[in-house]
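Asks: This is the structure, below, for whatever I ask next.
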Amino acid sequence: MEPCSENVKAVRRSKEEKKLIRKQIKASHILLKHEGISTVSQPTKSLVVANGGLGNGVSREQLQDVLGEVGEVETLVMPPNKPYALVTYRSEVSAQRGHALNGRQLQCGDQIVTLYLSYVNTVDSEMWGCVDLPPGLVLVEEFVSPEEEALLLDAIDWTSHDENVTVQKVLKHRRVKHFGYEFRYDNNNVDKDKPLPGGLPQVCVPVLERCVRDRHTEVMPDQLTVNQYQSGQGIPPHVDTHSAFEDLILSLSLGAKTVMDFRHPEGRSVAVVLPGRSLLVMKGESRYLWTHGITPRKFDLVPACDPKSPAAVTSDLSNHSNLTLSRRGTRTSLTFRKVRRTPCDCGYPSACDSQQPTAPPSPPSLPRSQTDACRLEAEFVHRVYEEIACHFSSTRHSPWPRVCHFLSSLEPGSILADVGCGNGKYLGVNPEVIAVGCDRSSALVQICSERGFQAFVSDALNVPLRSDTCDACISIAVIHHLSTQKRRQAVVEELVRLLRPGGRALIYVWAVEQEYNKQKSKYLKETRQQGPTGDQESKSLTGNATDAHNTAQDLSGIATDAHNTAQDLSGIATDCTKVHREIESPAKLSVHTNRTAFNSQDLLVPWHLKGGGRGGCNQGSGGDEQGEQGSKNTLDPHTEAQAPVPNTAPSQVFHRYYHVFQKGELEELCVRVRGVTIQRSYHDQGNWCVILEKTGDR
């Protein structure tokens, strides 16, 4: 009986080995298809480790330990956010032992990762180079000693609330203290005539004197903002108010290290690691023009510590190969600034509040270039939604019936990507699918996180997810915020890239035709009220459960209704050309009057934020992360309706850019994309909607 048992075990091992080889081959095919990495059958000194990447949650230290068990590792390249790593051993014999690690399992957090290793000819580690920091940005490591760090942290007494010395606030994403002058979050400025009696803490004087001696500054700061961040907290991109402070800004990082993202208005970005006890000096272009912010997350990609070489903490992490995962801890930043007494006359008037015309600015023009489009969307989409995020989220909590129907039709275990997820109200509709969302607004992504959803900050034009992986994508009220046809089509192409062959995408955009088939949309039906300020208010459409229930469609009839309203695709191009002649968009964008029919396709739609604050979030900043400027490419369909807000203070009005779609225009946009077919198109309460399927023929 025992020999028989041994034979069975031998057969079982043989099957497992064959299964492992099949998975190894499949991994090689995936790497070739999606990453352009060619594997070879003959032994070499280099291997690609599929599933062994930072994108899988595998840290450099963990992978290094496993690979080092069989021989000396010469180089280990772990590209950021990728599901693989590349290793070169000192000898080919060691590489052969490393190849035998195929099938090795690693425990990464709450998941088990299986490694699949294959030979490659070479590993070009030089392709992962470094880029320059923003002009005017300097990082000084170990600027204070551990003893000085301890003294500074002890001096920040969070239990004290002596208003004669400091002003302390607990904000949504951090807590802050102000010394010298209070930074006001309602207007992103300081009251220059009301200094705080206590001045700056004496324990800071030696540090500031050293800054002067080392020529980091020529003047002593008179304002200090202390920010404390717990793991998982962050702040959206922003530029410190020009009129509030002089050129130079000094930010001292204490405690845990973090990653700060700098972004140029034209799109270039640099991620900079701020170690504990380091000093960040911002002046010139980096202070006045580049935004800086911290993405809310619990892990950062940081350069791995190599005892043989200094840590490249100032490199652009997007092009860095020597990276690992770093768990965030509590970070405290001390940001020193000099209050400005005269208007700012910097060389960046487009970003300077002191150099803006006192008269109301003229409406922006339609973009004529890619740069124009980026600037328009940054100012009239991204920044606005960061400002109104909390107020906006409070009006968005009832999912729309037809979107729910689409989500409920997905098979259990399906992978869903909500591109432009807002506050995540669709991420929990179908608990049997694996749903992940992304949004340009870090404030809205933070709200998703607080609600227990998986979401990350990303632009709809470039979603950092692998191609052909999603069973379904939704884009609800996103594309109408893109300001050119080329950019709108690019979002559709990005959705299709994410879908696997046979996967489906649901797209909603705001429609010109708010009255369709003799039925007015709820946007036009809503009654208008005039507040004391004359601002137009509107009743919440999404925040009223009873109203949402009354307007819900009979889901059993959706398919028939959608089929009846689908367009004849062969006539779309002609139909669109015809309607485009009827409504010409002006060179200058007009400001739309809420609750009225649209008189142009490209326009600015007002949002009235009551109380003059940031949507009630108190998310304004001071210190090294001051204004709340960010972005968003998403909005709920149908209305721009807002929940009633008590008229306790005048409303602050923000304007958001929209391109409202005409009948047939969305379908025409979709058929321009290769490898898709339109399953269904329909009009839903003032929106044009399309369900498309990826055919795989691309």
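A note on labels: chains of the structure tokens are A, B, ... as shown, every chain counts residues from 1, and ligands are counted from 1 in their shown order.
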Within 10 Å of A:Gly329, counting only C-alpha atoms, which residues qualify if same-chain residues fewer than 4 places away don't, as an NGL selection string?

Replies: :A and (229-233 or 255-258 or 298-299)

Asks: Check stretch 398-447 of chain A with DSSP on the backbone and list each residue it calls alpha helix (DSSP H), as an mmCIF file with N, CA, C and O atoms, in the first residue's frame.

Replies:
data_model
loop_
_atom_site.group_PDB
_atom_site.id
_atom_site.type_symbol
_atom_site.label_atom_id
_atom_site.label_comp_id
_atom_site.auth_asym_id
_atom_site.auth_seq_id
_atom_site.Cartn_x
_atom_site.Cartn_y
_atom_site.Cartn_z
ATOM 1 N N PRO A 401 -31.074 55.212 -10.689
ATOM 2 C CA PRO A 401 -31.603 53.861 -10.921
ATOM 3 C C PRO A 401 -30.965 53.132 -12.099
ATOM 4 O O PRO A 401 -30.644 51.950 -12.001
ATOM 5 N N ARG A 402 -30.791 53.824 -13.220
ATOM 6 C CA ARG A 402 -30.277 53.111 -14.390
ATOM 7 C C ARG A 402 -28.791 52.764 -14.238
ATOM 8 O O ARG A 402 -28.328 51.762 -14.782
ATOM 9 N N VAL A 403 -28.073 53.594 -13.529
ATOM 10 C CA VAL A 403 -26.681 53.246 -13.230
ATOM 11 C C VAL A 403 -26.655 52.024 -12.311
ATOM 12 O O VAL A 403 -25.854 51.103 -12.488
ATOM 13 N N CYS A 404 -27.535 52.017 -11.326
ATOM 14 C CA CYS A 404 -27.626 50.863 -10.421
ATOM 15 C C CYS A 404 -27.988 49.586 -11.173
ATOM 16 O O CYS A 404 -27.472 48.503 -10.865
ATOM 17 N N HIS A 405 -28.877 49.709 -12.144
ATOM 18 C CA HIS A 405 -29.265 48.550 -12.939
ATOM 19 C C HIS A 405 -28.061 47.972 -13.682
ATOM 20 O O HIS A 405 -27.859 46.751 -13.725
ATOM 21 N N PHE A 406 -27.258 48.854 -14.260
ATOM 22 C CA PHE A 406 -26.047 48.405 -14.956
ATOM 23 C C PHE A 406 -25.109 47.700 -13.982
ATOM 24 O O PHE A 406 -24.585 46.618 -14.278
ATOM 25 N N LEU A 407 -24.897 48.284 -12.822
ATOM 26 C CA LEU A 407 -23.975 47.698 -11.845
ATOM 27 C C LEU A 407 -24.511 46.376 -11.306
ATOM 28 O O LEU A 407 -23.739 45.436 -11.068
ATOM 29 N N SER A 408 -25.806 46.298 -11.110
ATOM 30 C CA SER A 408 -26.393 45.069 -10.571
ATOM 31 C C SER A 408 -26.362 43.927 -11.577
ATOM 32 O O SER A 408 -26.482 42.757 -11.199
ATOM 33 N N SER A 442 -8.375 64.978 -4.526
ATOM 34 C CA SER A 442 -7.904 64.206 -3.378
ATOM 35 C C SER A 442 -8.843 64.361 -2.192
ATOM 36 O O SER A 442 -8.957 63.459 -1.359
ATOM 37 N N ALA A 443 -9.561 65.500 -2.110
ATOM 38 C CA ALA A 443 -10.530 65.663 -1.024
ATOM 39 C C ALA A 443 -11.678 64.670 -1.171
ATOM 40 O O ALA A 443 -12.146 64.087 -0.187
ATOM 41 N N LEU A 444 -12.147 64.449 -2.387
ATOM 42 C CA LEU A 444 -13.221 63.483 -2.605
ATOM 43 C C LEU A 444 -12.716 62.050 -2.431
ATOM 44 O O LEU A 444 -13.431 61.199 -1.919
ATOM 45 N N VAL A 445 -11.482 61.785 -2.830
ATOM 46 C CA VAL A 445 -10.902 60.450 -2.606
ATOM 47 C C VAL A 445 -10.791 60.181 -1.110
ATOM 48 O O VAL A 445 -11.028 59.058 -0.644
ATOM 49 N N GLN A 446 -10.448 61.210 -0.344
ATOM 50 C CA GLN A 446 -10.388 61.048 1.105
ATOM 51 C C GLN A 446 -11.763 60.691 1.669
ATOM 52 O O GLN A 446 -11.888 59.851 2.568
ATOM 53 N N ILE A 447 -12.814 61.301 1.134
ATOM 54 C CA ILE A 447 -14.177 60.979 1.563
ATOM 55 C C ILE A 447 -14.496 59.519 1.231
ATOM 56 O O ILE A 447 -15.103 58.800 2.032
#

Asks: Just want the 12 Å neighbourhood of A:Gly675, counted on only C-alpha atoms, with same-chain residues fewer than 5 positions away dropped. Output as number ranges by chain.

Replies: A: 492-493, 495-497, 499-504, 670, 692-698

Asks: Skipping near chain neighbours, those fewer than 6 positions away, what residues fall within 7 Å of stretch 653-663 of chain A using only C-alpha atoms, listed as a short mmCIF file (atom, residue, chain, number, x, y, z; two decimals) with C-alpha atoms, in the first residue's frame?

Replies:
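Contents of the output file part_30.cif:
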data_model
loop_
_atom_site.label_atom_id
_atom_site.label_comp_id
_atom_site.auth_asym_id
_atom_site.auth_seq_id
_atom_site.Cartn_x
_atom_site.Cartn_y
_atom_site.Cartn_z
CA PHE A 380 -12.65 75.77 -13.75
CA VAL A 381 -12.90 72.06 -12.95
CA VAL A 384 -13.42 74.19 -8.06
CA HIS A 480 -18.43 66.75 -20.19
CA HIS A 481 -15.71 68.45 -18.08
CA SER A 483 -12.74 71.02 -22.95
CA VAL A 509 -22.83 63.17 -20.00
CA TRP A 510 -25.00 66.25 -19.55
CA ALA A 511 -27.33 66.91 -22.48
CA VAL A 512 -28.23 70.08 -24.32
CA GLU A 513 -31.74 68.65 -24.64
CA GLN A 601 -22.61 73.89 -25.66
CA ASP A 602 -19.53 75.24 -23.87
CA LEU A 603 -20.31 77.21 -20.76
CA LEU A 604 -19.62 77.89 -17.08
CA VAL A 605 -22.16 76.60 -14.55
CA PRO A 606 -22.28 78.28 -11.11
CA TRP A 607 -22.03 76.51 -7.77
CA HIS A 608 -23.13 78.57 -4.75
CA LEU A 609 -21.10 77.64 -1.69
#

Asks: Can you list, as JSON, numbers by chain, every protein, DNA or RNA residue that comes within 12 Å of A:Lys192 when you count only C-alpha atoms, leaving out same-chain residues fewer than 6 positions away?

Replies: {"A": [180, 181, 182, 183, 184, 222, 223, 243, 244, 245, 338, 339, 340, 341, 342]}

Asks: Select, from A:Ile415, A:Leu153, A:Val226, A:Leu86, the residue with the minimum atom-to-atom distance to A:Leu67, counting only C-alpha atoms.

Replies: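 Once distances to A:Leu67 are computed over only C-alpha atoms, the minimum belongs to A:Leu86.
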
Asks: Which value, in Å to one decimal, gives the distance between atom CA of A:Val73 and atom CA of A:Asn51?

Replies: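 Atom-to-atom, atom CA of A:Val73 to atom CA of A:Asn51, that is 18.5 Å.
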
Asks: Which residues are close to A:Leu106, i.e. within 12 Å by only C-alpha atoms, leaving aside same-chain residues fewer than 4 positions away? Reply as a list in words.

Replies: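 Those residues are Asn51, Gly52, Gly53, Asn56, Gly57, Val58, Ser59, Gln62, Leu63, Gln64, Asp65, Val66, Leu67, Leu101, Asn102, Asp110, Gln111, Ile112, Val113, Thr114, Leu115 and Tyr116 of chain A.
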
Asks: Given the selection you just returned, output its residues as a file containing N, CA, C and O atoms, formatted as a compact mmCIF listing (two decimals), in the first residue's frame.

Replies:
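As a result, selection_34.txt now contains:
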# COMPACT_ATOMS: atom_id res chain seq x y z
N ASN A 51 4.74 39.19 -10.45
CA ASN A 51 4.03 39.28 -9.18
C ASN A 51 4.93 39.75 -8.04
O ASN A 51 4.47 39.85 -6.90
N GLY A 52 6.19 40.06 -8.33
CA GLY A 52 7.11 40.48 -7.28
C GLY A 52 7.37 41.97 -7.30
O GLY A 52 8.47 42.40 -6.96
N GLY A 53 6.38 42.75 -7.69
CA GLY A 53 6.58 44.19 -7.82
C GLY A 53 5.96 45.00 -6.70
O GLY A 53 5.17 44.50 -5.89
N ASN A 56 2.30 44.96 -6.41
CA ASN A 56 1.65 43.83 -5.75
C ASN A 56 1.72 43.93 -4.23
O ASN A 56 1.28 43.02 -3.53
N GLY A 57 2.33 45.02 -3.73
CA GLY A 57 2.48 45.16 -2.29
C GLY A 57 3.70 44.47 -1.73
O GLY A 57 3.83 44.31 -0.51
N VAL A 58 4.62 44.06 -2.61
CA VAL A 58 5.86 43.41 -2.18
C VAL A 58 6.91 44.49 -1.94
O VAL A 58 7.19 45.30 -2.82
N SER A 59 7.50 44.52 -0.77
CA SER A 59 8.52 45.51 -0.47
C SER A 59 9.87 45.05 -0.99
O SER A 59 10.11 43.85 -1.21
N GLN A 62 11.60 42.64 1.46
CA GLN A 62 11.03 41.30 1.46
C GLN A 62 11.53 40.50 0.26
O GLN A 62 11.93 39.33 0.38
N LEU A 63 11.51 41.12 -0.93
CA LEU A 63 11.96 40.42 -2.13
C LEU A 63 13.47 40.19 -2.10
O LEU A 63 13.96 39.13 -2.52
N GLN A 64 14.21 41.18 -1.59
CA GLN A 64 15.66 41.04 -1.50
C GLN A 64 16.04 39.84 -0.63
O GLN A 64 16.97 39.08 -0.95
N ASP A 65 15.33 39.65 0.48
CA ASP A 65 15.62 38.52 1.37
C ASP A 65 15.42 37.19 0.66
O ASP A 65 16.25 36.26 0.80
N VAL A 66 14.33 37.08 -0.10
CA VAL A 66 14.05 35.82 -0.79
C VAL A 66 15.08 35.55 -1.88
O VAL A 66 15.64 34.45 -1.98
N LEU A 67 15.34 36.56 -2.72
CA LEU A 67 16.28 36.37 -3.83
C LEU A 67 17.70 36.15 -3.32
O LEU A 67 18.50 35.44 -3.95
N LEU A 101 13.25 29.34 -7.67
CA LEU A 101 12.29 29.91 -6.71
C LEU A 101 10.90 30.06 -7.33
O LEU A 101 9.98 30.53 -6.66
N ASN A 102 10.76 29.69 -8.59
CA ASN A 102 9.47 29.79 -9.27
C ASN A 102 8.37 29.10 -8.46
O ASN A 102 8.50 27.93 -8.09
N ASP A 110 -2.40 41.09 4.05
CA ASP A 110 -3.43 40.07 4.20
C ASP A 110 -3.58 39.21 2.96
O ASP A 110 -4.56 38.48 2.81
N GLN A 111 -2.62 39.28 2.03
CA GLN A 111 -2.72 38.47 0.81
C GLN A 111 -1.43 37.68 0.61
O GLN A 111 -0.37 38.03 1.10
N ILE A 112 -1.58 36.57 -0.13
CA ILE A 112 -0.44 35.72 -0.47
C ILE A 112 -0.11 35.94 -1.95
O ILE A 112 -0.99 35.87 -2.81
N VAL A 113 1.15 36.22 -2.24
CA VAL A 113 1.60 36.49 -3.60
C VAL A 113 2.50 35.35 -4.05
O VAL A 113 3.43 34.96 -3.33
N THR A 114 2.23 34.81 -5.24
CA THR A 114 3.05 33.74 -5.81
C THR A 114 3.98 34.32 -6.87
O THR A 114 3.53 35.03 -7.78
N LEU A 115 5.27 34.04 -6.76
CA LEU A 115 6.27 34.57 -7.67
C LEU A 115 6.48 33.63 -8.85
O LEU A 115 6.52 32.40 -8.68
N TYR A 116 6.59 34.20 -10.05
CA TYR A 116 6.89 33.43 -11.26
C TYR A 116 8.12 34.07 -11.91
O TYR A 116 8.09 35.24 -12.29
